[in-house]
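Notes for the one structure printed next.
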Amino acid sequence: MSSSRPLVALAMLVATSAAADAATTTPEGARALEQGYAAYFSGAVVTKGIVAAKPDGDGYVVSWDLQKVAELAGAPAGAVKIAPLTYRLTPGDNDSWRLTADRFPRIVFNVETEKGKANGAFDFAGVKIDGLFDPRAVEFLRSRLDVDRTEGAVDLIDSSGAGHSRSAAPSHFKMTQEGIVTETRAKPSAGGGIDVALAHAIKNVKESISTPQDGDNPAIDMTYEIADVVAEATFTGLRAREIGEFWKYAVAHLDDAAPPREMKERARSALPLWNEIRGHSELHGLAVKTPLGEARMGTFGETLSLSGFTPTGAAAFGLEIKDLTVKSDLVPPWAQSLFPASLSFNVGASSDGWDKVAQIALDDAKFGEKGDLSPEAQAKIEQILIAGRPKLNLRLGHLTAPALDLTFEGEASAQASHPEGHIKLSADSLDRVVALVQEAAKDLPDAQGAVLGLTLVKGLAKTGADGRLVWDIEANADGKLTVNGQAMPSGD
């Protein structure tokens with residue numbers, strides 16, 4: 001459920017942009033609000049009674065009938081029960097608007113699945129939403145969501161008889177999250193569009209899974225707990241206005257047999273969509289317990305960045321693991337010594353021509369229709385990307401285990417169809433790893449081949465000034481591969 005929290009800020013941005021057409025708290029202003037929502041979500045939200053606004057003192061109360069949303073989505077009668085979502089919009093000075101709410105609706109469901117039934121409920125306690133839209137402020141959008149606690153419980157009853165015996169006992173899933181906070185800030189971007197910053201935190205997460213024994217499949221009781229979660233994301237140069245106008249235009253023409261001629265130009269005006277997206281998340285104090293063993297992790301972190309359709313496009317991904325331990329009676333001691341204890345990994349890719357790729361897609365006759373782009377457009381895009389000097393960069397990374405300390409870094413590029421690259425590996429030693437694999441070979445004869453492979457790899461290494469083993473691996477444009485200057489067989 002936590003991954004959906006930033007959507008509250010998006011809903012507020014849509015709400016306040018719709019509300020901007022309503023100048024005073026009158027029935028006419030309420031209708032203007034409803035029509036603003038209809039422009040974003042289709043006229044059905046008004047004609048079907050999904051959204052309604054009414055004057056209330058110095059503001060408006062907006063209500064979304066989520067029960068009708070579920071029914072229109074095809075949910076059987078009575079399968080989902082959910083109360084309306086309501087919030088208050090209050091106009092202020094200088095065309096500003098404030099959005100406030102103090103509850104989320106409880107969700108209860110009882111639905112048929114492919115294997116049986118699923119029933120459960122989700123509750124939210126201590127909810128507070130406070131957002132401000134002020135077009136004259138530098139940070140024109142500010143919002144904060146607080147939830148003291150969320151609870152969820154789901155029972156799954158498998159009546160398919162897929163196992164050796166049909167189980168009448170349900171599987172149980174329980175979840176709690178505490179201290180949830182999501183904040184959003186938006187301001188104009190120096191290069192056009194807007195800059196949006198999101199911050200998200202959870203103080204504690206607990207989940208449990210319990211399934212009954214079914215034939216030869218044993219019962220499972222698993223729990224995991226996370227001490228805290230933090231995440232942040234930034235959108236630089238987001239073309240929010242252009243994207244919003246394109247979205248409203250697309251909604252207004254949903255029933256057209258073919259995409260309108262203006263569709264491409266409206267999409268083109270939203271390019272490059274954004275300049276850059278950056279995100280980072282971390283969870284701390286992860287503990288997982290199962291009948292087969294348990295695992296603990298001090299930190300698990302991820303980073304991601306992605307450019308828009310800019311002249312030089314780029315993407316990057318990073319992963320960090322700290323203080324990982326795994327304990328299980330089923331894992332032999334030699335294998336536990338090879339389990340990673342920490343890992344840092346960061347890889348990035350870039351190439352020229354992302355802006356041209358977007359233009360080719362928009363120019364294609366199949367743009368906007370269901371299915372892939374035409375083969376001709378796909379071929380042009382492939383040529384652009386190959387000619388765009390694609391590069392891959394592996395930043396200095398680190399892998400540690402009780403038996404190994406390994407570092408790695410490198411880069412690769414391609415000019416036309418001739419890739420070349422370099423990677424450098426460094427290890428404190430391979431002796432402990434070889435000894436562990438030799439021990440494993442006593443019970444696993446196939447492991448003897450790994451011993452020979454590790455011996456060969458060690459023989460190719462050189463010793464650095466710090467005493468570590470080093471492998472400098474080069475892949476040349478002519479297809480040759482060398483390790484520390486020694487040519488490797490090509491396999492031709």
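Chain lettering (A, B, ...) mirrors the order of the structure tokens, residue numbering begins at 1 for each chain separately, and ligand numbering begins at 1 in order of display.
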Inset, instruction - Write down as a PyMOL selection string the residues of region 84-196 of chain A whose backbone DSSP state falls under strand (DSSP E). - result: chain A and resi 85-91+97-101+107-112+116-133+141-158+171-188+194-196
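Residues lying within 7 Å of region 390-394 of chain A, counting only C-alpha atoms and ignoring same-chain neighbours fewer than 5 positions away, are Asn346, Val347, Gly348, Ala349, Ser350, Ser351, Glu409, Gly410, Glu411, Ala412, Ser413 and Ala414 of chain A.
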Inset, instruction - Select, from A:Ile157, A:Val483, A:Leu254, A:Leu406, the residue with the minimum atom-to-atom distance to Ala169 (chain A), counting only C-alpha atoms. - result: A:Ile157
Which residues come within 8 Å of region 296-304 of chain A, counting only C-alpha atoms, excluding same-chain residues fewer than 4 positions away, as an mmCIF file with N, CA and C atoms, in the first residue's frame?
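Written out: selection_34.cif:
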```
data_model
loop_
_atom_site.group_PDB
_atom_site.id
_atom_site.type_symbol
_atom_site.label_atom_id
_atom_site.label_comp_id
_atom_site.auth_asym_id
_atom_site.auth_seq_id
_atom_site.Cartn_x
_atom_site.Cartn_y
_atom_site.Cartn_z
ATOM 1 N N ILE A 277 14.561 12.423 -14.096
ATOM 2 C CA ILE A 277 13.932 11.864 -12.904
ATOM 3 C C ILE A 277 15.020 11.204 -12.070
ATOM 4 N N ARG A 278 15.031 11.492 -10.801
ATOM 5 C CA ARG A 278 15.963 10.838 -9.877
ATOM 6 C C ARG A 278 15.195 10.295 -8.682
ATOM 7 N N GLY A 279 15.541 9.083 -8.258
ATOM 8 C CA GLY A 279 14.883 8.502 -7.108
ATOM 9 C C GLY A 279 15.849 7.712 -6.251
ATOM 10 N N HIS A 280 15.616 7.719 -4.965
ATOM 11 C CA HIS A 280 16.440 6.949 -4.036
ATOM 12 C C HIS A 280 15.563 6.438 -2.901
ATOM 13 N N SER A 281 15.725 5.184 -2.542
ATOM 14 C CA SER A 281 14.962 4.608 -1.433
ATOM 15 C C SER A 281 15.868 3.716 -0.606
ATOM 16 N N GLU A 282 15.582 3.668 0.678
ATOM 17 C CA GLU A 282 16.340 2.813 1.598
ATOM 18 C C GLU A 282 15.393 2.214 2.621
ATOM 19 N N LEU A 283 15.633 0.968 2.959
ATOM 20 C CA LEU A 283 14.973 0.378 4.109
ATOM 21 C C LEU A 283 16.053 -0.115 5.057
ATOM 22 N N HIS A 284 15.754 -0.004 6.338
ATOM 23 C CA HIS A 284 16.730 -0.362 7.369
ATOM 24 C C HIS A 284 16.139 -1.389 8.322
ATOM 25 N N GLY A 285 16.997 -2.242 8.831
ATOM 26 C CA GLY A 285 16.583 -3.206 9.835
ATOM 27 C C GLY A 285 15.590 -4.226 9.340
ATOM 28 N N LEU A 286 15.884 -4.849 8.204
ATOM 29 C CA LEU A 286 15.011 -5.893 7.666
ATOM 30 C C LEU A 286 15.295 -7.218 8.361
ATOM 31 N N ALA A 287 14.232 -7.880 8.814
ATOM 32 C CA ALA A 287 14.361 -9.204 9.438
ATOM 33 C C ALA A 287 13.297 -10.119 8.867
ATOM 34 N N VAL A 288 13.721 -11.242 8.297
ATOM 35 C CA VAL A 288 12.807 -12.218 7.702
ATOM 36 C C VAL A 288 12.980 -13.541 8.434
ATOM 37 N N ALA A 315 20.325 6.767 -18.465
ATOM 38 C CA ALA A 315 19.634 6.038 -17.409
ATOM 39 C C ALA A 315 20.688 5.424 -16.503
ATOM 40 N N ALA A 316 20.370 5.315 -15.237
ATOM 41 C CA ALA A 316 21.313 4.730 -14.284
ATOM 42 C C ALA A 316 20.540 3.990 -13.202
ATOM 43 N N PHE A 317 21.183 2.951 -12.668
ATOM 44 C CA PHE A 317 20.586 2.147 -11.606
ATOM 45 C C PHE A 317 21.661 1.780 -10.606
ATOM 46 N N GLY A 318 21.323 1.885 -9.326
ATOM 47 C CA GLY A 318 22.262 1.527 -8.274
ATOM 48 C C GLY A 318 21.610 0.679 -7.206
ATOM 49 N N LEU A 319 22.401 -0.196 -6.603
ATOM 50 C CA LEU A 319 21.917 -1.102 -5.562
ATOM 51 C C LEU A 319 22.949 -1.147 -4.447
ATOM 52 N N GLU A 320 22.472 -1.106 -3.206
ATOM 53 C CA GLU A 320 23.380 -1.182 -2.061
ATOM 54 C C GLU A 320 22.789 -2.081 -0.990
ATOM 55 N N ILE A 321 23.582 -3.030 -0.535
ATOM 56 C CA ILE A 321 23.194 -3.942 0.540
ATOM 57 C C ILE A 321 24.285 -3.902 1.601
ATOM 58 N N LYS A 322 23.861 -3.758 2.857
ATOM 59 C CA LYS A 322 24.821 -3.737 3.960
ATOM 60 C C LYS A 322 24.389 -4.710 5.049
ATOM 61 N N ASP A 323 25.376 -5.368 5.627
ATOM 62 C CA ASP A 323 25.170 -6.208 6.813
ATOM 63 C C ASP A 323 24.103 -7.271 6.602
ATOM 64 N N LEU A 324 24.264 -8.067 5.554
ATOM 65 C CA LEU A 324 23.344 -9.163 5.279
ATOM 66 C C LEU A 324 23.853 -10.434 5.930
ATOM 67 N N THR A 325 22.980 -11.097 6.674
ATOM 68 C CA THR A 325 23.310 -12.398 7.265
ATOM 69 C C THR A 325 22.167 -13.361 7.003
ATOM 70 N N VAL A 326 22.509 -14.607 6.692
ATOM 71 C CA VAL A 326 21.520 -15.658 6.435
ATOM 72 C C VAL A 326 21.885 -16.865 7.293
#
```
Legend entry - Selection: 6 Å around region 41-53 of chain A, only C-alpha atoms, excl. self and same-chain fewer than 3 positions, as a list in words: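 Returned residues: Ala30, Ala38, Val61, Val62, Ser63, Trp64, Asp65 and Val251 of chain A.
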Output file for the residues above (N, CA, C and O atoms, as a compact mmCIF listing (two decimals), in the first residue's frame):
```
# COMPACT_ATOMS: atom_id res chain seq x y z
N ALA A 30 -19.35 24.90 -7.85
CA ALA A 30 -19.30 23.45 -7.65
C ALA A 30 -19.39 22.72 -8.97
O ALA A 30 -18.68 21.73 -9.22
N ALA A 38 -14.16 16.20 -14.88
CA ALA A 38 -14.59 15.48 -16.08
C ALA A 38 -13.59 15.63 -17.21
O ALA A 38 -13.40 14.70 -18.00
N VAL A 61 -17.00 20.80 -0.53
CA VAL A 61 -16.73 19.41 -0.18
C VAL A 61 -16.82 18.59 -1.46
O VAL A 61 -17.85 18.62 -2.15
N VAL A 62 -15.76 17.87 -1.76
CA VAL A 62 -15.70 17.02 -2.95
C VAL A 62 -15.77 15.57 -2.50
O VAL A 62 -15.05 15.16 -1.58
N SER A 63 -16.63 14.79 -3.14
CA SER A 63 -16.81 13.39 -2.76
C SER A 63 -16.68 12.50 -3.99
O SER A 63 -17.26 12.78 -5.04
N TRP A 64 -15.91 11.44 -3.84
CA TRP A 64 -15.74 10.43 -4.88
C TRP A 64 -16.40 9.13 -4.42
O TRP A 64 -16.03 8.57 -3.38
N ASP A 65 -17.37 8.66 -5.19
CA ASP A 65 -18.05 7.40 -4.87
C ASP A 65 -17.21 6.25 -5.41
O ASP A 65 -17.38 5.80 -6.55
N VAL A 251 -8.58 12.25 -23.41
CA VAL A 251 -9.81 11.82 -22.74
C VAL A 251 -11.04 12.28 -23.52
O VAL A 251 -12.02 11.55 -23.66
```
Inset, instruction - Quick one: everything within 12 Å of region 173-175 of chain A, counting only C-alpha atoms, minus sequence neighbours fewer than 4 positions away in the same chain. Send it as JSON, numbers by chain. - result: {"A": [1, 2, 118, 119, 120, 121, 122, 123, 124, 149, 150, 151, 152, 153, 154, 155, 156, 157, 204, 205, 206, 207, 208, 209, 210, 211, 220, 221, 222, 223, 224, 225, 226]}
Legend entry - Polymer residues at most 8 Å from Pro272 (chain A), only C-alpha atoms, same-chain spacing of 4 or more positions, as an MDAnalysis selection string: chainID A and resid 239 308:310 355
Write the residues of the preceding selection, restricted to C-alpha atoms, as a PDB file, in the first residue's frame.
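out.pdb, written as the output of this step:
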```pdb
ATOM      1  CA  ARG A 239       6.200  19.352 -18.655  1.00  0.00           C
ATOM      2  CA  GLY A 308      13.478  12.493 -20.812  1.00  0.00           C
ATOM      3  CA  PHE A 309      13.605  12.483 -24.611  1.00  0.00           C
ATOM      4  CA  THR A 310      16.557  14.863 -24.615  1.00  0.00           C
ATOM      5  CA  ASP A 355      14.949  13.343 -29.023  1.00  0.00           C
TER       6      ASP A 355
END
```
Inset, instruction - Assign secondary structure with DSSP using the backbone only, and return the residues of region 145-357 of chain A in helix (DSSP H, G or I) as a PyMOL selection string. - result: chain A and resi 240-252+262-269+333-336+354-357
Inset, instruction - May I ask which of the residues A:Pro340, A:Gly193, A:Gly36, A:Pro212 is the closest one to Leu404 (chain A), counting only C-alpha atoms? - result: A:Pro340
Inset, instruction - Would you work out the distance separating CA of Leu273 (chain A) from CA of Ala250 (chain A), expressed in Å to one decimal? - result: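 Answer for the CA of Leu273 (chain A) to CA of Ala250 (chain A) separation: 16.1 Å.
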Inset, instruction - Using CA of Asp428 (chain A) and CA of Ala295 (chain A) as the two end points, give the distance in Å to one decimal. - result: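 So the two atoms, CA of Asp428 (chain A) and CA of Ala295 (chain A), lie 25.9 Å apart.
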Inset, instruction - State, in Å with one decimal place, the distance from CA of Gln486 (chain A) to CA of Leu338 (chain A). - result: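 Value for the CA of Gln486 (chain A)-CA of Leu338 (chain A) distance: 28.9 Å.
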So that each row is one residue of region 385-415 of chain A with an atom at most 12 Å from region 376-381 of chain A, can you give its shortest atom pair and the distance in Å to one decimal, using only C-alpha atoms, rows by chain and rising number, as JSON lines?
```
{"residue": "A:Leu385", "atom": "CA", "partner": "A:Ile381", "partner_atom": "CA", "distance": 6.2}
{"residue": "A:Ile386", "atom": "CA", "partner": "A:Ile381", "partner_atom": "CA", "distance": 8.7}
{"residue": "A:Ala387", "atom": "CA", "partner": "A:Ile381", "partner_atom": "CA", "distance": 9.9}
{"residue": "A:Gly388", "atom": "CA", "partner": "A:Ile381", "partner_atom": "CA", "distance": 10.4}
```
Inset, instruction - Give the answer as one residue: which of A:Ala101, A:Ala199, A:His422, A:Gly244 has the shortest atom-to-atom distance to Glu232 (chain A), using only C-alpha atoms? - result: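 Result for the nearest residue to Glu232 (chain A): A:Ala199.
When only C-alpha atoms are used to measure the gap to Leu399 (chain A), the shortest distance among A:Glu245, A:Phe339, A:Asp329, A:Arg185 belongs to A:Phe339.
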